[in-house]
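Okay, structure first, notes after.
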Amino acid sequence: MNSLGLFCCVRIKKYNSYKGNVGKIAPNILNRNFKADKPNQKWVTDISEISLCGQKTYLSIILDLYNREIISYDLNDHANMMQINHTLEEAFRGMPDNTKLILHSDKGWQYQQ
């Protein structure tokens with residue numbers, strides 16, 4: 001393509017879940033401190049868009065900052081509240097109460113619900 005002076009002018013549209021404020025936004029108590037001293041102290045979560053063979057799929061994941069272990073994940077054709085709820089339900093299954101766990105996310109609309 002270079003030798004013929006050809007170039008691609010198609011831009012790939014990237015996924016952006018942020019759609020403004022649609023619910024309550026929790027304060028940022030993690031404050032970019034992404035280190036944890038013990039398991040189940042700090043978890044982070046996000047949704048990523050993955051394009052495979054022309055199809056889009058969305059990965060919702062929860063990661064423990066102590067050892068970078070994936071606590072829970074969900075793959076779905078749509079980024080929606082059902083996907084978030086499923087990821088959270090799987091992560092908190094068997095988790096004892098009163099652990100003082102911090103769950104940190106971006107401020108995407110799914111997490112404001």
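Each chain in the structure tokens gets a letter, A, B and so on, in the order shown; residues start at 1 in every chain, and ligands are counted from 1 in the order they appear.
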Write out, as a Markdown table, each residue of stretch 19-61 of chain A that has an atom at most 12 Å from stretch 82-89 of chain A, together with the closest pair of atoms and their distance in Å to one decimal, counting only C-alpha atoms, rows going by chain and rising number.
| residue | atom | partner | partner_atom | distance |
| --- | --- | --- | --- | --- |
| A:Trp43 | CA | A:Leu88 | CA | 11.1 |
| A:Val44 | CA | A:Leu88 | CA | 11.3 |
| A:Thr45 | CA | A:Thr87 | CA | 9.4 |
| A:Asp46 | CA | A:Ile84 | CA | 9.2 |
| A:Ile47 | CA | A:Ile84 | CA | 8.7 |
| A:Thr57 | CA | A:Gln83 | CA | 11.6 |
| A:Tyr58 | CA | A:Gln83 | CA | 9.0 |
| A:Leu59 | CA | A:Gln83 | CA | 8.9 |
| A:Ser60 | CA | A:Ile84 | CA | 6.7 |
| A:Ile61 | CA | A:Thr87 | CA | 6.9 |
Q: Pick out the residues sitting within 7 Å of stretch 26-35 of chain A, and hand them over as a ChimeraX atom specification; count only C-alpha atoms, and ignore anything fewer than 3 positions along from it in its own chain.
A: /A:65-66,104
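For the choices A:Met1, A:Asn76, A:Ala36, A:Lys42, the atom-to-atom distance to A:Thr99 is smallest for A:Lys42 when using only C-alpha atoms.
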Q. So how far away is atom CA of A:Ala79 from atom CA of A:Ser48, in Å?
A. 8.9 Å
Q: Compare A:Pro39, A:Ile25, A:Gly54, A:Ser72 by their minimum atom-to-atom distance to A:Ser105, counting only C-alpha atoms, and give me the closest one.
A: A:Ile25
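For the choices A:Ile70, A:Leu75, A:Leu52, A:Met81, the atom-to-atom distance to A:Asn40 is smallest for A:Ile70 when using only C-alpha atoms.
Distance annotation: of A:Arg68, A:His78, A:Asp97, A:Gly5, the residue with the minimal separation from A:Lys38 is A:Arg68; atom set is only C-alpha atoms.
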Q: In Å, rounded to a single decimal, give me how far atom CA of A:Asp64 is from atom CA of A:Ile50.
A: 21.6 Å
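The interatomic distance for the pair atom CA of A:Asn98 and atom CA of A:Asn80 works out to 28.1 Å.
The closest residue to A:Glu69, picked from A:Leu4, A:Glu49, A:Ala91, A:Gln55 and counting only C-alpha atoms, is A:Ala91.
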